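J.: What follows is the file structure-v1.pdb, containing PDB, C-alpha atoms and all ligand atoms:
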```
ATOM      1  CA  MET A  16      -3.477 -24.473  15.885
ATOM      2  CA  SER A  17      -2.449 -25.453  12.364
ATOM      3  CA  ILE A  18      -3.353 -23.135   9.526
ATOM      4  CA  LYS A  19      -3.177 -23.083   5.752
ATOM      5  CA  GLY A  20      -1.671 -20.256   3.794
ATOM      6  CA  ALA A  21       0.250 -19.156   0.689
ATOM      7  CA  VAL A  22       3.917 -20.125   0.413
ATOM      8  CA  LEU A  23       6.206 -19.004  -2.432
ATOM      9  CA  TYR A  24       8.667 -21.759  -3.382
ATOM     10  CA  ALA A  25      10.197 -20.291  -6.531
ATOM     11  CA  PRO A  26       9.266 -17.709  -9.164
ATOM     12  CA  ARG A  27       5.633 -18.285 -10.197
ATOM     13  CA  ASP A  28       5.298 -21.228  -7.799
ATOM     14  CA  VAL A  29       2.811 -20.204  -5.073
ATOM     15  CA  ARG A  30       1.294 -23.079  -3.095
ATOM     16  CA  PHE A  31      -1.543 -23.129  -0.613
ATOM     17  CA  GLU A  32      -0.478 -25.469   2.125
ATOM     18  CA  GLU A  33      -0.464 -26.468   5.738
ATOM     19  CA  GLN A  34       1.894 -24.390   7.864
ATOM     20  CA  PRO A  35       3.544 -24.981  11.230
ATOM     21  CA  ASP A  36       1.455 -24.339  14.314
ATOM     22  CA  LEU A  37       0.601 -20.712  14.848
ATOM     23  CA  THR A  38       1.076 -19.571  18.433
ATOM     24  CA  ILE A  39       2.086 -16.601  20.523
ATOM     25  CA  VAL A  40       5.897 -16.539  20.409
ATOM     26  CA  GLU A  41       6.802 -13.270  22.153
ATOM     27  CA  PRO A  42       4.778 -11.911  25.092
ATOM     28  CA  THR A  43       3.995  -8.819  22.943
ATOM     29  CA  ASP A  44       2.396 -10.857  20.107
ATOM     30  CA  ALA A  45      -1.224 -11.178  19.057
ATOM     31  CA  VAL A  46      -2.805 -13.855  16.878
ATOM     32  CA  ILE A  47      -5.611 -12.702  14.621
ATOM     33  CA  ARG A  48      -8.182 -14.565  12.527
ATOM     34  CA  ILE A  49      -8.295 -13.126   9.017
ATOM     35  CA  PRO A  50     -11.673 -12.612   7.279
ATOM     36  CA  ALA A  51     -10.097 -11.400   4.012
ATOM     37  CA  ALA A  52      -6.541 -11.253   2.669
ATOM     38  CA  CYS A  53      -5.044  -9.901  -0.538
ATOM     39  CA  VAL A  54      -2.123  -9.866  -2.945
ATOM     40  CA  CYS A  55       0.118  -6.781  -2.978
ATOM     41  CA  GLY A  56       1.871  -5.327  -6.031
ATOM     42  CA  SER A  57       5.144  -5.771  -4.132
ATOM     43  CA  ASP A  58       4.427  -9.524  -3.786
ATOM     44  CA  LEU A  59       4.906  -9.633  -7.559
ATOM     45  CA  TRP A  60       8.626  -8.774  -7.296
ATOM     46  CA  PRO A  61       9.589 -12.118  -5.683
ATOM     47  CA  TYR A  62       6.812 -13.845  -7.662
ATOM     48  CA  ARG A  63       8.474 -12.704 -10.891
ATOM     49  CA  GLY A  64      11.930 -13.644  -9.597
ATOM     50  CA  ILE A  65      13.099 -10.018  -9.615
ATOM     51  CA  GLU A  66      13.728 -10.438  -5.888
ATOM     52  CA  PRO A  67      15.370 -13.817  -5.258
ATOM     53  CA  VAL A  68      13.439 -16.566  -3.447
ATOM     54  CA  THR A  69      15.991 -18.563  -1.464
ATOM     55  CA  GLN A  70      13.640 -20.681   0.657
ATOM     56  CA  PRO A  71       9.908 -21.425   0.861
ATOM     57  CA  THR A  72       8.460 -18.118   2.047
ATOM     58  CA  PRO A  73       5.037 -17.578   3.672
ATOM     59  CA  MET A  74       3.443 -14.708   1.752
ATOM     60  CA  GLY A  75       1.162 -11.811   2.608
ATOM     61  CA  HIS A  76       1.750  -8.683   4.674
ATOM     62  CA  GLU A  77      -1.610  -6.851   4.408
ATOM     63  CA  TYR A  78      -4.031  -7.879   7.113
ATOM     64  CA  CYS A  79      -6.928  -7.072   9.349
ATOM     65  CA  GLY A  80      -8.990  -9.357  11.526
ATOM     66  CA  ILE A  81     -10.343 -10.423  14.849
ATOM     67  CA  VAL A  82      -7.947 -10.863  17.752
ATOM     68  CA  GLU A  83      -8.035 -14.448  19.028
ATOM     69  CA  GLU A  84      -5.207 -14.441  21.537
ATOM     70  CA  VAL A  85      -2.685 -11.991  22.969
ATOM     71  CA  GLY A  86       0.605 -12.494  24.796
ATOM     72  CA  PRO A  87       0.891 -11.717  28.532
ATOM     73  CA  ALA A  88       2.618  -8.340  27.927
ATOM     74  CA  VAL A  89      -0.141  -6.971  25.646
ATOM     75  CA  THR A  90      -2.214  -4.370  27.472
ATOM     76  CA  SER A  91      -4.315  -2.326  25.009
ATOM     77  CA  ILE A  92      -5.433  -4.972  22.491
ATOM     78  CA  ARG A  93      -7.979  -7.598  23.593
ATOM     79  CA  PRO A  94      -9.384 -10.808  22.112
ATOM     80  CA  GLY A  95     -12.576 -10.127  20.169
ATOM     81  CA  GLN A  96     -11.504  -6.739  18.797
ATOM     82  CA  PHE A  97     -11.340  -6.098  15.053
ATOM     83  CA  VAL A  98      -7.888  -4.681  14.313
ATOM     84  CA  ILE A  99      -5.759  -3.407  11.446
ATOM     85  CA  GLY A 100      -1.981  -3.129  11.416
ATOM     86  CA  SER A 101       0.848  -2.190   9.102
ATOM     87  CA  PHE A 102       3.157  -4.514   7.168
ATOM     88  CA  PHE A 103       5.898  -3.304   9.517
ATOM     89  CA  ALA A 104       5.120  -4.017  13.150
ATOM     90  CA  SER A 105       6.286  -1.142  15.337
ATOM     91  CA  ASP A 106       6.440  -0.370  19.054
ATOM     92  CA  ASN A 107       4.966   3.114  18.450
ATOM     93  CA  THR A 108       7.111   4.496  21.297
ATOM     94  CA  CYS A 109      10.700   4.881  19.985
ATOM     95  CA  LEU A 110      12.035   8.166  18.597
ATOM     96  CA  ASN A 111      11.280   7.279  14.974
ATOM     97  CA  CYS A 112       7.751   6.159  15.838
ATOM     98  CA  ARG A 113       7.085   9.326  17.787
ATOM     99  CA  ALA A 114       8.295  11.333  14.790
ATOM    100  CA  GLY A 115       5.636   9.553  12.698
ATOM    101  CA  TYR A 116       7.991   7.128  10.920
ATOM    102  CA  GLN A 117       6.778   3.846  12.389
ATOM    103  CA  SER A 118       8.002   1.972   9.290
ATOM    104  CA  SER A 119      11.514   2.982  10.473
ATOM    105  CA  CYS A 120      10.745   1.877  14.046
ATOM    106  CA  GLN A 121      13.954   0.996  15.866
ATOM    107  CA  HIS A 122      12.311  -2.349  16.728
ATOM    108  CA  ARG A 123      10.362  -2.882  13.528
ATOM    109  CA  GLN A 124       9.547  -6.378  12.327
ATOM    110  CA  LEU A 125       8.168  -7.353   8.959
ATOM    111  CA  VAL A 126       4.803  -9.086   9.198
ATOM    112  CA  ARG A 127       4.626 -12.147   6.956
ATOM    113  CA  GLY A 128       2.271 -14.993   6.286
ATOM    114  CA  ALA A 129      -0.954 -12.980   6.137
ATOM    115  CA  GLN A 130      -2.273 -14.760   3.018
ATOM    116  CA  ALA A 131      -3.627 -17.318   5.465
ATOM    117  CA  SER A 132      -6.597 -17.929   7.719
ATOM    118  CA  ARG A 133      -4.689 -16.648  10.759
ATOM    119  CA  THR A 134      -1.487 -14.730  11.380
ATOM    120  CA  ARG A 135       0.783 -13.660  14.222
ATOM    121  CA  VAL A 136       1.376  -9.928  14.692
ATOM    122  CA  PRO A 137       4.430  -8.829  16.709
ATOM    123  CA  LEU A 138       4.401  -5.736  18.982
ATOM    124  CA  ALA A 139       0.604  -5.856  19.100
ATOM    125  CA  ASP A 140       0.096  -2.793  21.311
ATOM    126  CA  GLY A 141       2.151  -0.546  19.061
ATOM    127  CA  THR A 142       1.109  -2.046  15.748
ATOM    128  CA  LEU A 143      -2.619  -2.707  15.879
ATOM    129  CA  VAL A 144      -5.446  -0.195  15.841
ATOM    130  CA  ALA A 145      -8.965  -1.400  16.706
ATOM    131  CA  THR A 146     -12.135  -0.266  14.950
ATOM    132  CA  PRO A 147     -14.900   1.271  17.134
ATOM    133  CA  GLU A 148     -16.806  -2.025  17.022
ATOM    134  CA  LEU A 149     -16.994  -5.109  14.786
ATOM    135  CA  PRO A 150     -17.395  -3.825  11.213
ATOM    136  CA  PRO A 151     -20.213  -4.843   8.889
ATOM    137  CA  ASN A 152     -18.947  -7.278   6.225
ATOM    138  CA  ASP A 153     -19.122  -4.749   3.413
ATOM    139  CA  LEU A 154     -16.534  -2.525   5.124
ATOM    140  CA  VAL A 155     -13.943  -5.287   5.517
ATOM    141  CA  PRO A 156     -12.304  -4.892   2.045
ATOM    142  CA  SER A 157     -11.844  -1.149   2.569
ATOM    143  CA  LEU A 158     -10.478  -1.685   6.090
ATOM    144  CA  LEU A 159      -8.060  -4.277   4.685
ATOM    145  CA  THR A 160      -6.618  -1.747   2.215
ATOM    146  CA  LEU A 161      -5.607   0.496   5.121
ATOM    147  CA  SER A 162      -2.967  -2.065   6.122
ATOM    148  CA  ASP A 163      -0.792  -1.179   3.153
ATOM    149  CA  VAL A 164      -2.128  -0.134  -0.225
ATOM    150  CA  MET A 165      -4.359   2.734   0.929
ATOM    151  CA  GLY A 166      -1.897   3.832   3.610
ATOM    152  CA  THR A 167       0.818   3.838   0.939
ATOM    153  CA  GLY A 168      -1.225   5.893  -1.536
ATOM    154  CA  TRP A 169      -2.008   8.326   1.292
ATOM    155  CA  PHE A 170       1.668   8.606   2.237
ATOM    156  CA  ALA A 171       2.563   9.251  -1.428
ATOM    157  CA  ALA A 172       0.214  12.255  -1.361
ATOM    158  CA  VAL A 173       1.499  13.448   2.043
ATOM    159  CA  ALA A 174       5.124  13.070   0.898
ATOM    160  CA  ALA A 175       4.318  14.958  -2.321
ATOM    161  CA  ASN A 176       2.923  17.770  -0.155
ATOM    162  CA  VAL A 177      -0.574  17.745  -1.696
ATOM    163  CA  ARG A 178      -2.553  20.769  -0.447
ATOM    164  CA  PRO A 179      -6.013  22.220  -1.074
ATOM    165  CA  GLY A 180      -5.913  23.649  -4.608
ATOM    166  CA  SER A 181      -2.823  21.677  -5.698
ATOM    167  CA  THR A 182      -2.248  20.322  -9.171
ATOM    168  CA  VAL A 183      -1.240  16.684  -8.800
ATOM    169  CA  ALA A 184       0.048  14.089 -11.259
ATOM    170  CA  VAL A 185       0.057  10.381 -10.438
ATOM    171  CA  VAL A 186       2.542   8.044 -12.134
ATOM    172  CA  GLY A 187       1.328   4.435 -11.966
ATOM    173  CA  ASP A 188      -2.190   3.052 -12.332
ATOM    174  CA  GLY A 189      -1.819   0.082 -10.011
ATOM    175  CA  ALA A 190      -3.837  -0.052  -6.807
ATOM    176  CA  VAL A 191      -1.420   2.287  -4.989
ATOM    177  CA  GLY A 192      -1.538   4.897  -7.770
ATOM    178  CA  LEU A 193      -5.333   4.755  -7.902
ATOM    179  CA  LEU A 194      -5.559   5.188  -4.144
ATOM    180  CA  GLY A 195      -3.040   8.022  -4.462
ATOM    181  CA  VAL A 196      -5.666   9.705  -6.664
ATOM    182  CA  LEU A 197      -8.312   9.126  -3.975
ATOM    183  CA  SER A 198      -5.929  10.505  -1.312
ATOM    184  CA  ALA A 199      -5.107  13.643  -3.324
ATOM    185  CA  LYS A 200      -8.847  14.219  -3.781
ATOM    186  CA  GLN A 201      -9.431  13.896  -0.009
ATOM    187  CA  MET A 202      -6.637  16.390   0.621
ATOM    188  CA  GLY A 203      -8.353  18.952  -1.572
ATOM    189  CA  ALA A 204      -6.317  18.834  -4.783
ATOM    190  CA  LYS A 205      -7.983  20.864  -7.519
ATOM    191  CA  ARG A 206      -6.575  19.073 -10.518
ATOM    192  CA  ILE A 207      -5.536  15.411 -10.472
ATOM    193  CA  ILE A 208      -3.893  13.991 -13.583
ATOM    194  CA  ALA A 209      -3.757  10.189 -13.672
ATOM    195  CA  MET A 210      -1.191   8.675 -16.034
ATOM    196  CA  SER A 211      -2.728   5.467 -17.379
ATOM    197  CA  ARG A 212      -3.280   3.613 -20.642
ATOM    198  CA  HIS A 213      -5.676   1.055 -19.263
ATOM    199  CA  GLU A 214      -9.369   1.769 -19.705
ATOM    200  CA  ALA A 215     -10.736   0.057 -16.578
ATOM    201  CA  ARG A 216      -8.073   1.751 -14.446
ATOM    202  CA  GLN A 217      -8.783   5.139 -16.040
ATOM    203  CA  ARG A 218     -12.438   4.683 -15.104
ATOM    204  CA  LEU A 219     -11.619   3.917 -11.488
ATOM    205  CA  ALA A 220      -9.152   6.833 -11.390
ATOM    206  CA  ARG A 221     -11.976   9.155 -12.495
ATOM    207  CA  GLU A 222     -14.295   7.628  -9.920
ATOM    208  CA  PHE A 223     -11.665   8.320  -7.245
ATOM    209  CA  GLY A 224     -11.325  11.958  -8.341
ATOM    210  CA  ALA A 225      -8.975  12.216 -11.336
ATOM    211  CA  THR A 226      -9.852  15.258 -13.469
ATOM    212  CA  ASP A 227      -7.565  14.374 -16.396
ATOM    213  CA  ILE A 228      -6.016  11.268 -17.919
ATOM    214  CA  VAL A 229      -2.657  11.260 -19.704
ATOM    215  CA  THR A 230      -1.824   8.171 -21.742
ATOM    216  CA  GLU A 231       1.662   9.229 -22.864
ATOM    217  CA  ARG A 232       4.692   7.948 -20.988
ATOM    218  CA  GLY A 233       8.337   8.873 -20.514
ATOM    219  CA  ASP A 234       9.447  12.161 -22.149
ATOM    220  CA  GLU A 235       6.123  12.440 -23.998
ATOM    221  CA  GLY A 236       4.261  12.051 -20.721
ATOM    222  CA  VAL A 237       6.410  14.759 -19.139
ATOM    223  CA  SER A 238       5.734  17.084 -22.100
ATOM    224  CA  ARG A 239       1.975  16.506 -21.799
ATOM    225  CA  ILE A 240       2.008  17.355 -18.074
ATOM    226  CA  LYS A 241       4.017  20.519 -18.782
ATOM    227  CA  GLU A 242       1.615  21.568 -21.554
ATOM    228  CA  MET A 243      -1.248  21.195 -19.092
ATOM    229  CA  THR A 244       0.468  23.219 -16.342
ATOM    230  CA  GLY A 245       1.610  26.411 -18.045
ATOM    231  CA  GLY A 246       4.903  24.829 -19.111
ATOM    232  CA  VAL A 247       6.235  24.143 -15.607
ATOM    233  CA  GLY A 248       4.931  20.822 -14.258
ATOM    234  CA  ALA A 249       2.651  19.737 -11.406
ATOM    235  CA  ASP A 250       2.947  20.960  -7.799
ATOM    236  CA  SER A 251       2.927  17.388  -6.518
ATOM    237  CA  VAL A 252       3.742  14.132  -8.288
ATOM    238  CA  LEU A 253       3.058  10.709  -6.804
ATOM    239  CA  GLU A 254       5.492   8.040  -8.031
ATOM    240  CA  CYS A 255       3.813   4.667  -7.487
ATOM    241  CA  VAL A 256       5.826   2.260  -9.660
ATOM    242  CA  GLY A 257       9.529   2.177  -8.770
ATOM    243  CA  THR A 258      11.211   1.741 -12.162
ATOM    244  CA  PRO A 259      13.944   4.045 -13.562
ATOM    245  CA  GLU A 260      11.467   5.283 -16.222
ATOM    246  CA  SER A 261       8.669   6.053 -13.765
ATOM    247  CA  MET A 262      11.010   7.879 -11.375
ATOM    248  CA  LEU A 263      12.420  10.077 -14.160
ATOM    249  CA  GLN A 264       8.897  10.683 -15.453
ATOM    250  CA  ALA A 265       7.823  11.780 -11.967
ATOM    251  CA  ILE A 266      10.764  14.131 -11.418
ATOM    252  CA  GLY A 267      10.405  15.559 -14.934
ATOM    253  CA  ALA A 268       6.690  16.228 -14.450
ATOM    254  CA  THR A 269       7.225  18.225 -11.221
ATOM    255  CA  ARG A 270       7.584  22.007 -11.275
ATOM    256  CA  PRO A 271      10.634  23.673  -9.689
ATOM    257  CA  GLY A 272       9.834  23.890  -5.988
ATOM    258  CA  GLY A 273       7.354  21.032  -6.269
ATOM    259  CA  SER A 274       7.537  17.639  -4.594
ATOM    260  CA  VAL A 275       7.672  14.005  -5.619
ATOM    261  CA  GLY A 276       6.259  11.452  -3.171
ATOM    262  CA  TYR A 277       7.760   8.097  -4.144
ATOM    263  CA  VAL A 278       6.372   4.865  -2.781
ATOM    264  CA  GLY A 279       7.095   2.360  -5.556
ATOM    265  CA  VAL A 280       9.862   0.057  -4.241
ATOM    266  CA  PRO A 281      12.800   1.114  -6.462
ATOM    267  CA  GLN A 282      14.079  -1.530  -8.841
ATOM    268  CA  GLY A 283      17.300  -0.343 -10.497
ATOM    269  CA  VAL A 284      16.593   3.382 -10.053
ATOM    270  CA  GLN A 285      19.726   5.561 -10.301
ATOM    271  CA  LEU A 286      19.543   9.343 -10.186
ATOM    272  CA  GLU A 287      22.013  11.749 -11.763
ATOM    273  CA  GLY A 288      23.169  14.393  -9.287
ATOM    274  CA  GLN A 289      23.346  17.426 -11.581
ATOM    275  CA  ALA A 290      19.958  16.815 -13.177
ATOM    276  CA  LEU A 291      18.426  16.489  -9.709
ATOM    277  CA  PHE A 292      20.263  19.608  -8.501
ATOM    278  CA  PHE A 293      18.977  21.791 -11.334
ATOM    279  CA  SER A 294      15.436  20.369 -11.181
ATOM    280  CA  HIS A 295      14.700  22.136  -7.875
ATOM    281  CA  VAL A 296      12.440  19.206  -7.009
ATOM    282  CA  ARG A 297      11.931  17.826  -3.482
ATOM    283  CA  LEU A 298      11.981  14.043  -3.103
ATOM    284  CA  HIS A 299      10.457  12.223  -0.181
ATOM    285  CA  GLY A 300       9.219   8.663   0.068
ATOM    286  CA  GLY A 301      10.002   5.202   1.309
ATOM    287  CA  PRO A 302       7.973   2.460   2.971
ATOM    288  CA  ALA A 303       4.807   4.189   4.122
ATOM    289  CA  PRO A 304       4.479   4.797   7.869
ATOM    290  CA  VAL A 305       0.985   3.325   7.657
ATOM    291  CA  ARG A 306       0.570   3.246  11.445
ATOM    292  CA  ARG A 307       0.638   7.073  11.552
ATOM    293  CA  PHE A 308      -2.408   7.269   9.271
ATOM    294  CA  LEU A 309      -4.478   4.340  10.594
ATOM    295  CA  PRO A 310      -6.699   6.223  13.093
ATOM    296  CA  GLN A 311      -7.622   8.887  10.519
ATOM    297  CA  LEU A 312      -8.134   6.411   7.664
ATOM    298  CA  ILE A 313     -10.203   4.020   9.805
ATOM    299  CA  ASP A 314     -12.400   6.980  10.640
ATOM    300  CA  LEU A 315     -12.851   7.909   6.957
ATOM    301  CA  VAL A 316     -13.792   4.331   6.016
ATOM    302  CA  TRP A 317     -15.974   3.824   9.089
ATOM    303  CA  ASN A 318     -17.977   6.943   8.230
ATOM    304  CA  ARG A 319     -18.144   5.864   4.564
ATOM    305  CA  GLN A 320     -16.359   8.967   3.314
ATOM    306  CA  ILE A 321     -13.928   6.868   1.263
ATOM    307  CA  ASP A 322     -14.305   3.446  -0.346
ATOM    308  CA  PRO A 323     -10.772   2.278  -1.156
ATOM    309  CA  GLY A 324     -11.986  -1.353  -1.315
ATOM    310  CA  LYS A 325     -13.105  -0.597  -4.889
ATOM    311  CA  VAL A 326      -9.566  -1.482  -6.018
ATOM    312  CA  PHE A 327     -10.434  -5.161  -5.514
ATOM    313  CA  ASP A 328     -11.726  -6.245  -8.918
ATOM    314  CA  LEU A 329     -11.190  -9.970  -8.390
ATOM    315  CA  THR A 330     -12.417 -12.046  -5.437
ATOM    316  CA  LEU A 331     -11.211 -15.607  -4.956
ATOM    317  CA  PRO A 332     -11.377 -18.207  -2.208
ATOM    318  CA  LEU A 333      -8.082 -18.164  -0.315
ATOM    319  CA  GLU A 334      -7.108 -21.635  -1.535
ATOM    320  CA  ARG A 335      -6.992 -20.264  -5.098
ATOM    321  CA  VAL A 336      -4.409 -17.627  -4.118
ATOM    322  CA  ALA A 337      -2.108 -18.695  -6.994
ATOM    323  CA  GLU A 338      -4.756 -17.507  -9.471
ATOM    324  CA  GLY A 339      -4.742 -14.112  -7.766
ATOM    325  CA  TYR A 340      -0.992 -13.804  -8.324
ATOM    326  CA  ARG A 341      -1.367 -14.843 -11.976
ATOM    327  CA  ALA A 342      -4.160 -12.362 -12.654
ATOM    328  CA  MET A 343      -2.211  -9.480 -11.115
ATOM    329  CA  ASP A 344       1.029 -10.503 -12.817
ATOM    330  CA  GLU A 345      -0.750 -10.454 -16.191
ATOM    331  CA  ARG A 346      -2.479  -7.174 -15.259
ATOM    332  CA  ARG A 347      -5.896  -8.803 -15.700
ATOM    333  CA  ALA A 348      -6.731  -7.727 -12.159
ATOM    334  CA  ILE A 349      -5.908  -4.514 -10.297
ATOM    335  CA  LYS A 350      -5.932  -6.290  -6.932
ATOM    336  CA  ALA A 351      -7.112  -9.694  -5.758
ATOM    337  CA  LEU A 352      -9.179 -10.178  -2.602
ATOM    338  CA  LEU A 353      -8.858 -13.612  -0.974
ATOM    339  CA  CYS A 354     -11.524 -14.989   1.302
ATOM    340  CA  PRO A 355     -10.708 -17.910   3.633
TER     341      PRO A 355
HETATM  342 ZN    ZN A 401       9.347   2.448  17.207
END
```
Step by step, read the file and then write its structure as structure tokens.
Ligand SMILES: [Zn+2]
T.:
Amino acid sequence: MSIKGAVLYAPRDVRFEEQPDLTIVEPTDAVIRIPAACVCGSDLWPYRGIEPVTQPTPMGHEYCGIVEEVGPAVTSIRPGQFVIGSFFASDNTCLNCRAGYQSSCQHRQLVRGAQASRTRVPLADGTLVATPELPPNDLVPSLLTLSDVMGTGWFAAVAANVRPGSTVAVVGDGAVGLLGVLSAKQMGAKRIIAMSRHEARQRLAREFGATDIVTERGDEGVSRIKEMTGGVGADSVLECVGTPESMLQAIGATRPGGSVGYVGVPQGVQLEGQALFFSHVRLHGGPAPVRRFLPQLIDLVWNRQIDPGKVFDLTLPLERVAEGYRAMDERRAIKALLCP
């Protein structure tokens, strides 16, 4: 069947156009029909030309939807199910998957082309997790966030070792940072300091559980966090941006023995060995192993204990996807929801 979806041709040139026929290619594939898609903060790197665009590229890696067709080797996923998967397809059986690092699966494949009415998901049995039944429409945005942005915020908090009673600081007020706040709250953090200068984002951070807002950045931001934590820094810091400044701010705001969970895709970050050595700070991060968290997060959304879909503050018909990119690029929108 032919489909229409978003294709990036060059920086700031996103087109909504007809794409080649979408079919099962490998026997382990599934094809899903997408009720809602979205634009990711990481889509903005190629959109801005910071990552080169060498050929027309189908965009979108966050997805959920109804299974339409499965390949002959798929055994656990069936047509008609509502499923969610990660941006990295994984077999969920190799050593890395079994260790909980499905985004380092030895057979991982990047899912692309999900800003479309349908998409193909490789390794369907390992990648997709079905909801208990078809979800009501109002849960779909929250379920969609589990595919990447919510799973990534959750991993940031796990990697930063957030515990009941922890003091947490969150660097970055994009959708991932805001959902990092929500995750830290769920994990029982006592104090959650959101670093943001943007009023609408501060409001959402508070709604998600932030107890304090710090507007200072860089060295001043680090000093503020230290002032608020007896001079030492936070137990856990979530780094959700990926720039040299945000990484140094995160490490500087962490107490000796504390942990930084970093999930912003690094752009030009270089760390100095001696400074890191004497900081006594643990660093863990990387592309979130979303698949590890899907069963638990689906459960939390299904039972309406969390509402991560609140990060969508702009809804557009899918054919106006280019407007979604523009609004996020200009920081007019936190995250754009696209409805086919
Ligand atoms: Zn694997």
J.: Near segment 328-337 of chain A, within 6 Å and counting all atoms listed in the file, which residues show up once chain neighbours fewer than 4 positions away are dropped, as a list in words?
T.: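 Result of the neighbour search: Val29, Phe31, Ala351, Leu352, Leu353, Cys354 and Pro355 of chain A.
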J.: For C-alpha atoms, I'd like the residues from the last selection saved as a PDB file, in the frame of the given file.
T.:
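Written output follows (again_2.pdb):
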```pdb
ATOM      1  CA  VAL A  29       2.811 -20.204  -5.073  1.00  0.00           C
ATOM      2  CA  PHE A  31      -1.543 -23.129  -0.613  1.00  0.00           C
ATOM      3  CA  ALA A 351      -7.112  -9.694  -5.758  1.00  0.00           C
ATOM      4  CA  LEU A 352      -9.179 -10.178  -2.602  1.00  0.00           C
ATOM      5  CA  LEU A 353      -8.858 -13.612  -0.974  1.00  0.00           C
ATOM      6  CA  CYS A 354     -11.524 -14.989   1.302  1.00  0.00           C
ATOM      7  CA  PRO A 355     -10.708 -17.910   3.633  1.00  0.00           C
TER       8      PRO A 355
END
```
J.: Kindly work out which residues sit at most 6 Å from ligand ZN 401 (chain A), using all atoms listed in the file, and give the list as an NGL selection string.
T.: :A and (105-109 or 111-112 or 117 or 120-122)
J.: Carefully work through the PyMOL selection byres (((chain A and resi 269-278) around 9) and not hetatm) for this structure and note down the residues it includes, as an NGL selection string.
T.: :A and (167-168 or 170-177 or 183-184 or 191 or 237 or 240-241 or 244 or 246-257 or 262 or 264-268 or 279-281 or 293-303)
J.: For Tyr340 of chain A, which residue among A:Arg30, A:Gln289, A:Asp44, A:Leu59 is the nearest when counting all atoms listed in the file?
T.: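 That would be A:Leu59, the residue with the smallest distance to Tyr340 of chain A.
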J.: Which is closest to Leu309 of chain A among A:Val186, A:Leu263, A:Ala204, A:Val144, if we use all atoms listed in the file?
T.: A:Val144
